[in-house]
Amino acid sequence: MLSVGAEAGGWRRWRWGLVGAVLLYALAPLVALALRGPVGVDPWWDYCMGLGLAATGALALLPLLSARWWAPRTRAADALRLVQQLHRQLSYLLLGLLLAHVAGLVLLETRVLDYLLPTAPGYMLAGLGALVLVLVLILSARYRARLRWANPGWRRWHAAMSCVAVGLTGWHLVGSAYWFATPGALAAGGWLLGVPTLLSLAWHRWPPARLPAGPTSAAAPRRSPAPAWGWLLSVIVLGASAWFAYAPTPAQDLPPRPYPCPAGRCL
């Protein structure tokens, strides 16, 4: 897939294919849970939950979208720049989704504030810990030069904190239980978080073979990083979360009462 030809048509197909693969992977859990998951609680509440699910997919994919992992596969500088741009823009989208997930739930249900205190259940504190780690990861990457953090050491800490954030997110999903209470949903959550993480670890231990270089041609003018990719990802994710919130649930999947709050929104 990474054998990037010099022809503009081949490069565009690869570029759109990569962005499409990121979107398909990140949005697959929304589709699966909207079609086969439990009954929704409230459209706005479910929308905030959809933002959290989309953030989970983005967090899982970020380790794979690193030029350091993709460099053994290709010598094409344009491909590596695109991967790194997606990594950066997806990280900003991830942080925005997490903040919107928390702020939206707090605005909809003030009892959620109890889950932001040190006395909250462990799985809720795990979610907050993942949010803090994501913020630290973004800030440390953006200001690494000012912090005078040597690249090898920073890279190791970056990878370690990413793994911890993924683990805390998994704890948060399983502990929250409502959307991931059935064996099928748990398997989907494990696939969502586990597959990219395992691939990242495997590529670190056994780098994939380099693909043959594409045909050469005159160098194209280098373009500055296009913010359009970030806007495109944001619009599609927000739209998919809205569809998740309003998608009808089959009548046979309705539980006897909303769980775990029998008289209103679900915490």
# chains A, B, ... in the order shown; residues from 1 in each chain; ligands from 1
>>> select_by_dssp(residues="segment 22-241 of chain A", states="alpha helix (DSSP H)", output="MDAnalysis selection string")
chainID A and resid 22:36 43:61 67:70 77:108 122:142 144:147 151:176 183:205 228:241
>>> closest_atom_pairs(of="segment 129-214 of chain A", to="segment 80-98 of chain A", cutoff="8 Å", atoms="only C-alpha atoms", output="JSON lines")
{"residue": "A:Leu131", "atom": "CA", "partner": "A:Leu98", "partner_atom": "CA", "distance": 6.7}
{"residue": "A:Val134", "atom": "CA", "partner": "A:Leu95", "partner_atom": "CA", "distance": 6.8}
{"residue": "A:Leu135", "atom": "CA", "partner": "A:Leu95", "partner_atom": "CA", "distance": 7.0}
{"residue": "A:Ile138", "atom": "CA", "partner": "A:Ser91", "partner_atom": "CA", "distance": 7.1}
>>> write_last_selection(atoms="N, CA and C atoms", output="short mmCIF file (atom, residue, chain, number, x, y, z; two decimals), in the first residue's frame")
data_model
loop_
_atom_site.label_atom_id
_atom_site.label_comp_id
_atom_site.auth_asym_id
_atom_site.auth_seq_id
_atom_site.Cartn_x
_atom_site.Cartn_y
_atom_site.Cartn_z
N LEU A 131 -7.50 11.15 29.66
CA LEU A 131 -7.62 12.52 29.14
C LEU A 131 -6.40 13.35 29.51
N VAL A 134 -3.43 12.28 27.38
CA VAL A 134 -3.52 12.78 26.01
C VAL A 134 -3.07 14.24 25.96
N LEU A 135 -3.51 15.03 26.93
CA LEU A 135 -3.10 16.43 26.97
C LEU A 135 -1.59 16.56 27.15
N ILE A 138 0.23 15.66 23.86
CA ILE A 138 0.17 16.70 22.84
C ILE A 138 1.09 17.86 23.20
#
>>> residues_around(residues="Ala28 of chain A", least_positions_apart="6", cutoff="10 Å", atoms="only C-alpha atoms", output="list in words")
Ala34, Leu53, Ala54, Gly57, Ala188, Leu192 and Ala240 of chain A
>>> write_last_selection(atoms="N, CA, C and O atoms", output="short mmCIF file (atom, residue, chain, number, x, y, z; two decimals), in the first residue's frame")
data_model
loop_
_atom_site.label_atom_id
_atom_site.label_comp_id
_atom_site.auth_asym_id
_atom_site.auth_seq_id
_atom_site.Cartn_x
_atom_site.Cartn_y
_atom_site.Cartn_z
N ALA A 34 -24.63 1.25 17.12
CA ALA A 34 -25.90 1.86 16.75
C ALA A 34 -26.87 0.82 16.21
O ALA A 34 -28.09 0.90 16.45
N LEU A 53 -16.78 7.41 21.98
CA LEU A 53 -16.42 6.21 21.21
C LEU A 53 -15.51 6.56 20.04
O LEU A 53 -14.54 5.85 19.75
N ALA A 54 -15.82 7.66 19.35
CA ALA A 54 -14.97 8.09 18.24
C ALA A 54 -13.57 8.46 18.75
O ALA A 54 -12.56 8.18 18.08
N GLY A 57 -11.46 5.34 19.13
CA GLY A 57 -10.87 4.88 17.88
C GLY A 57 -9.68 5.72 17.46
O GLY A 57 -8.66 5.20 16.99
N ALA A 188 -15.81 -6.28 20.37
CA ALA A 188 -15.62 -5.13 19.49
C ALA A 188 -14.71 -4.09 20.14
O ALA A 188 -13.84 -3.50 19.49
N LEU A 192 -11.15 -2.85 18.84
CA LEU A 192 -10.95 -1.43 18.59
C LEU A 192 -9.64 -0.94 19.19
O LEU A 192 -8.85 -0.24 18.55
N ALA A 240 -21.08 11.38 12.10
CA ALA A 240 -21.29 9.98 12.47
C ALA A 240 -21.78 9.86 13.90
O ALA A 240 -22.62 9.00 14.21
#
>>> atom_distance(atom1="atom CA of Tyr143 of chain A", atom2="atom CA of Ala58 of chain A")
21.8 Å
>>> residues_around(residues="Ser176 of chain A", least_positions_apart="4", cutoff="12 Å", atoms="only C-alpha atoms", output="PDB file with all heavy atoms, in the first residue's frame")
ATOM      1  N   MET A  49     -21.864  10.325  24.100  1.00  0.00           N
ATOM      2  CA  MET A  49     -21.264   8.994  24.170  1.00  0.00           C
ATOM      3  C   MET A  49     -20.605   8.637  22.839  1.00  0.00           C
ATOM      4  O   MET A  49     -19.533   8.022  22.802  1.00  0.00           O
ATOM      5  CB  MET A  49     -22.327   7.957  24.537  1.00  0.00           C
ATOM      6  CG  MET A  49     -22.823   8.062  25.956  1.00  0.00           C
ATOM      7  SD  MET A  49     -21.484   7.760  27.139  1.00  0.00           S
ATOM      8  CE  MET A  49     -22.374   7.938  28.682  1.00  0.00           C
ATOM      9  N   GLY A  52     -17.254  10.108  22.616  1.00  0.00           N
ATOM     10  CA  GLY A  52     -16.281   9.341  23.378  1.00  0.00           C
ATOM     11  C   GLY A  52     -15.833   8.090  22.644  1.00  0.00           C
ATOM     12  O   GLY A  52     -14.648   7.730  22.666  1.00  0.00           O
ATOM     13  N   TYR A 115     -18.331  12.222  39.284  1.00  0.00           N
ATOM     14  CA  TYR A 115     -17.363  11.326  38.666  1.00  0.00           C
ATOM     15  C   TYR A 115     -16.058  12.027  38.325  1.00  0.00           C
ATOM     16  O   TYR A 115     -15.144  11.403  37.784  1.00  0.00           O
ATOM     17  CB  TYR A 115     -17.959  10.704  37.406  1.00  0.00           C
ATOM     18  CG  TYR A 115     -19.028   9.665  37.687  1.00  0.00           C
ATOM     19  CD1 TYR A 115     -19.999   9.381  36.739  1.00  0.00           C
ATOM     20  CD2 TYR A 115     -19.053   8.977  38.888  1.00  0.00           C
ATOM     21  CE1 TYR A 115     -20.977   8.421  36.989  1.00  0.00           C
ATOM     22  CE2 TYR A 115     -20.020   8.030  39.149  1.00  0.00           C
ATOM     23  CZ  TYR A 115     -20.980   7.756  38.202  1.00  0.00           C
ATOM     24  OH  TYR A 115     -21.940   6.808  38.454  1.00  0.00           O
ATOM     25  N   PRO A 121     -15.582   6.221  41.022  1.00  0.00           N
ATOM     26  CA  PRO A 121     -15.153   4.831  40.773  1.00  0.00           C
ATOM     27  C   PRO A 121     -13.862   4.790  39.961  1.00  0.00           C
ATOM     28  O   PRO A 121     -13.547   5.715  39.200  1.00  0.00           O
ATOM     29  CB  PRO A 121     -16.331   4.238  39.995  1.00  0.00           C
ATOM     30  CG  PRO A 121     -17.499   5.100  40.332  1.00  0.00           C
ATOM     31  CD  PRO A 121     -16.951   6.480  40.555  1.00  0.00           C
ATOM     32  N   GLY A 122     -13.140   3.696  40.102  1.00  0.00           N
ATOM     33  CA  GLY A 122     -11.852   3.578  39.427  1.00  0.00           C
ATOM     34  C   GLY A 122     -11.933   3.711  37.926  1.00  0.00           C
ATOM     35  O   GLY A 122     -11.068   4.341  37.301  1.00  0.00           O
ATOM     36  N   TYR A 123     -12.994   3.154  37.322  1.00  0.00           N
ATOM     37  CA  TYR A 123     -13.077   3.212  35.862  1.00  0.00           C
ATOM     38  C   TYR A 123     -13.325   4.631  35.367  1.00  0.00           C
ATOM     39  O   TYR A 123     -12.933   4.974  34.241  1.00  0.00           O
ATOM     40  CB  TYR A 123     -14.162   2.255  35.348  1.00  0.00           C
ATOM     41  CG  TYR A 123     -15.574   2.599  35.751  1.00  0.00           C
ATOM     42  CD1 TYR A 123     -16.358   3.424  34.966  1.00  0.00           C
ATOM     43  CD2 TYR A 123     -16.131   2.088  36.917  1.00  0.00           C
ATOM     44  CE1 TYR A 123     -17.657   3.743  35.322  1.00  0.00           C
ATOM     45  CE2 TYR A 123     -17.424   2.391  37.287  1.00  0.00           C
ATOM     46  CZ  TYR A 123     -18.195   3.224  36.488  1.00  0.00           C
ATOM     47  OH  TYR A 123     -19.473   3.522  36.853  1.00  0.00           O
ATOM     48  N   MET A 124     -13.970   5.482  36.201  1.00  0.00           N
ATOM     49  CA  MET A 124     -14.148   6.877  35.812  1.00  0.00           C
ATOM     50  C   MET A 124     -12.837   7.650  35.975  1.00  0.00           C
ATOM     51  O   MET A 124     -12.488   8.476  35.133  1.00  0.00           O
ATOM     52  CB  MET A 124     -15.251   7.516  36.655  1.00  0.00           C
ATOM     53  CG  MET A 124     -16.640   7.072  36.272  1.00  0.00           C
ATOM     54  SD  MET A 124     -17.037   7.610  34.580  1.00  0.00           S
ATOM     55  CE  MET A 124     -18.658   6.886  34.377  1.00  0.00           C
ATOM     56  N   LEU A 125     -12.121   7.371  37.040  1.00  0.00           N
ATOM     57  CA  LEU A 125     -10.813   7.995  37.201  1.00  0.00           C
ATOM     58  C   LEU A 125      -9.856   7.565  36.094  1.00  0.00           C
ATOM     59  O   LEU A 125      -8.993   8.339  35.672  1.00  0.00           O
ATOM     60  CB  LEU A 125     -10.232   7.633  38.575  1.00  0.00           C
ATOM     61  CG  LEU A 125     -11.007   8.161  39.787  1.00  0.00           C
ATOM     62  CD1 LEU A 125     -10.350   7.688  41.075  1.00  0.00           C
ATOM     63  CD2 LEU A 125     -11.088   9.684  39.759  1.00  0.00           C
ATOM     64  N   ALA A 126     -10.025   6.330  35.611  1.00  0.00           N
ATOM     65  CA  ALA A 126      -9.197   5.872  34.491  1.00  0.00           C
ATOM     66  C   ALA A 126      -9.465   6.705  33.249  1.00  0.00           C
ATOM     67  O   ALA A 126      -8.532   7.066  32.513  1.00  0.00           O
ATOM     68  CB  ALA A 126      -9.476   4.392  34.217  1.00  0.00           C
ATOM     69  N   GLY A 127     -10.732   7.023  32.994  1.00  0.00           N
ATOM     70  CA  GLY A 127     -11.054   7.876  31.847  1.00  0.00           C
ATOM     71  C   GLY A 127     -10.439   9.252  31.980  1.00  0.00           C
ATOM     72  O   GLY A 127      -9.899   9.807  31.011  1.00  0.00           O
ATOM     73  N   THR A 169      -8.137   3.760  28.919  1.00  0.00           N
ATOM     74  CA  THR A 169      -9.367   3.884  28.142  1.00  0.00           C
ATOM     75  C   THR A 169     -10.121   2.564  28.098  1.00  0.00           C
ATOM     76  O   THR A 169     -11.354   2.532  28.213  1.00  0.00           O
ATOM     77  CB  THR A 169      -9.044   4.357  26.718  1.00  0.00           C
ATOM     78  OG1 THR A 169      -8.370   5.618  26.777  1.00  0.00           O
ATOM     79  CG2 THR A 169     -10.308   4.505  25.891  1.00  0.00           C
ATOM     80  N   GLY A 170      -9.393   1.465  27.922  1.00  0.00           N
ATOM     81  CA  GLY A 170     -10.044   0.160  27.957  1.00  0.00           C
ATOM     82  C   GLY A 170     -10.724  -0.109  29.288  1.00  0.00           C
ATOM     83  O   GLY A 170     -11.854  -0.622  29.335  1.00  0.00           O
ATOM     84  N   TRP A 171     -10.068   0.238  30.386  1.00  0.00           N
ATOM     85  CA  TRP A 171     -10.665   0.090  31.717  1.00  0.00           C
ATOM     86  C   TRP A 171     -11.934   0.941  31.820  1.00  0.00           C
ATOM     87  O   TRP A 171     -12.953   0.498  32.364  1.00  0.00           O
ATOM     88  CB  TRP A 171      -9.638   0.502  32.765  1.00  0.00           C
ATOM     89  CG  TRP A 171     -10.091   0.330  34.194  1.00  0.00           C
ATOM     90  CD1 TRP A 171     -11.238  -0.275  34.645  1.00  0.00           C
ATOM     91  CD2 TRP A 171      -9.404   0.793  35.354  1.00  0.00           C
ATOM     92  NE1 TRP A 171     -11.296  -0.223  36.014  1.00  0.00           N
ATOM     93  CE2 TRP A 171     -10.176   0.426  36.484  1.00  0.00           C
ATOM     94  CE3 TRP A 171      -8.191   1.459  35.554  1.00  0.00           C
ATOM     95  CZ2 TRP A 171      -9.791   0.736  37.784  1.00  0.00           C
ATOM     96  CZ3 TRP A 171      -7.795   1.753  36.849  1.00  0.00           C
ATOM     97  CH2 TRP A 171      -8.593   1.388  37.944  1.00  0.00           C
ATOM     98  N   HIS A 172     -11.876   2.147  31.303  1.00  0.00           N
ATOM     99  CA  HIS A 172     -13.031   3.042  31.345  1.00  0.00           C
ATOM    100  C   HIS A 172     -14.214   2.458  30.567  1.00  0.00           C
ATOM    101  O   HIS A 172     -15.358   2.501  31.041  1.00  0.00           O
ATOM    102  CB  HIS A 172     -12.630   4.405  30.773  1.00  0.00           C
ATOM    103  CG  HIS A 172     -13.743   5.401  30.748  1.00  0.00           C
ATOM    104  ND1 HIS A 172     -14.302   5.940  31.892  1.00  0.00           N
ATOM    105  CD2 HIS A 172     -14.404   5.970  29.701  1.00  0.00           C
ATOM    106  CE1 HIS A 172     -15.250   6.793  31.562  1.00  0.00           C
ATOM    107  NE2 HIS A 172     -15.343   6.834  30.236  1.00  0.00           N
ATOM    108  N   PHE A 180     -20.772  -1.525  26.508  1.00  0.00           N
ATOM    109  CA  PHE A 180     -19.902  -2.695  26.336  1.00  0.00           C
ATOM    110  C   PHE A 180     -20.216  -3.736  27.408  1.00  0.00           C
ATOM    111  O   PHE A 180     -19.348  -4.182  28.149  1.00  0.00           O
ATOM    112  CB  PHE A 180     -18.429  -2.278  26.397  1.00  0.00           C
ATOM    113  CG  PHE A 180     -17.998  -1.430  25.250  1.00  0.00           C
ATOM    114  CD1 PHE A 180     -18.054  -0.044  25.349  1.00  0.00           C
ATOM    115  CD2 PHE A 180     -17.565  -1.997  24.070  1.00  0.00           C
ATOM    116  CE1 PHE A 180     -17.669   0.757  24.282  1.00  0.00           C
ATOM    117  CE2 PHE A 180     -17.182  -1.202  22.994  1.00  0.00           C
ATOM    118  CZ  PHE A 180     -17.234   0.173  23.106  1.00  0.00           C
ATOM    119  N   ALA A 181     -21.490  -4.100  27.474  1.00  0.00           N
ATOM    120  CA  ALA A 181     -21.933  -5.044  28.504  1.00  0.00           C
ATOM    121  C   ALA A 181     -22.107  -6.459  27.969  1.00  0.00           C
ATOM    122  O   ALA A 181     -22.193  -7.398  28.752  1.00  0.00           O
ATOM    123  CB  ALA A 181     -23.239  -4.559  29.127  1.00  0.00           C
ATOM    124  N   LEU A 186     -17.972  -6.364  23.997  1.00  0.00           N
ATOM    125  CA  LEU A 186     -16.640  -6.423  24.593  1.00  0.00           C
ATOM    126  C   LEU A 186     -15.594  -6.855  23.571  1.00  0.00           C
ATOM    127  O   LEU A 186     -14.472  -6.342  23.560  1.00  0.00           O
ATOM    128  CB  LEU A 186     -16.654  -7.391  25.778  1.00  0.00           C
ATOM    129  CG  LEU A 186     -17.381  -6.907  27.037  1.00  0.00           C
ATOM    130  CD1 LEU A 186     -17.473  -8.025  28.066  1.00  0.00           C
ATOM    131  CD2 LEU A 186     -16.687  -5.684  27.627  1.00  0.00           C
ATOM    132  N   TYR A 259     -30.706   1.574  31.628  1.00  0.00           N
ATOM    133  CA  TYR A 259     -29.695   1.131  32.595  1.00  0.00           C
ATOM    134  C   TYR A 259     -28.548   2.141  32.630  1.00  0.00           C
ATOM    135  O   TYR A 259     -28.147   2.633  31.582  1.00  0.00           O
ATOM    136  CB  TYR A 259     -29.150  -0.227  32.155  1.00  0.00           C
ATOM    137  CG  TYR A 259     -27.929  -0.674  32.898  1.00  0.00           C
ATOM    138  CD1 TYR A 259     -28.041  -1.408  34.062  1.00  0.00           C
ATOM    139  CD2 TYR A 259     -26.653  -0.333  32.441  1.00  0.00           C
ATOM    140  CE1 TYR A 259     -26.907  -1.800  34.746  1.00  0.00           C
ATOM    141  CE2 TYR A 259     -25.530  -0.729  33.119  1.00  0.00           C
ATOM    142  CZ  TYR A 259     -25.663  -1.463  34.274  1.00  0.00           C
ATOM    143  OH  TYR A 259     -24.545  -1.842  34.953  1.00  0.00           O
ATOM    144  N   PRO A 260     -28.036   2.456  33.805  1.00  0.00           N
ATOM    145  CA  PRO A 260     -28.429   1.978  35.126  1.00  0.00           C
ATOM    146  C   PRO A 260     -29.328   2.960  35.853  1.00  0.00           C
ATOM    147  O   PRO A 260     -29.510   2.866  37.050  1.00  0.00           O
ATOM    148  CB  PRO A 260     -27.086   1.857  35.843  1.00  0.00           C
ATOM    149  CG  PRO A 260     -26.304   2.994  35.273  1.00  0.00           C
ATOM    150  CD  PRO A 260     -26.754   3.144  33.852  1.00  0.00           C
ATOM    151  N   CYS A 266     -28.638   8.178  31.800  1.00  0.00           N
ATOM    152  CA  CYS A 266     -27.805   7.098  32.325  1.00  0.00           C
ATOM    153  C   CYS A 266     -26.434   7.629  32.662  1.00  0.00           C
ATOM    154  O   CYS A 266     -25.801   8.303  31.859  1.00  0.00           O
ATOM    155  CB  CYS A 266     -27.728   5.993  31.270  1.00  0.00           C
ATOM    156  SG  CYS A 266     -26.525   4.749  31.648  1.00  0.00           S
ATOM    157  N   LEU A 267     -25.963   7.364  33.852  1.00  0.00           N
ATOM    158  CA  LEU A 267     -24.608   7.747  34.244  1.00  0.00           C
ATOM    159  C   LEU A 267     -23.626   6.678  33.855  1.00  0.00           C
ATOM    160  O   LEU A 267     -22.448   6.861  34.000  1.00  0.00           O
ATOM    161  CB  LEU A 267     -24.552   7.988  35.755  1.00  0.00           C
ATOM    162  CG  LEU A 267     -25.344   9.199  36.262  1.00  0.00           C
ATOM    163  CD1 LEU A 267     -25.161   9.312  37.770  1.00  0.00           C
ATOM    164  CD2 LEU A 267     -24.932  10.475  35.589  1.00  0.00           C
TER     165      LEU A 267
END
>>> closest_residue(among="A:Ser162, A:Leu62, A:Gly40, A:Asp46", to="Val22 of chain A", atoms="only C-alpha atoms")
A:Leu62
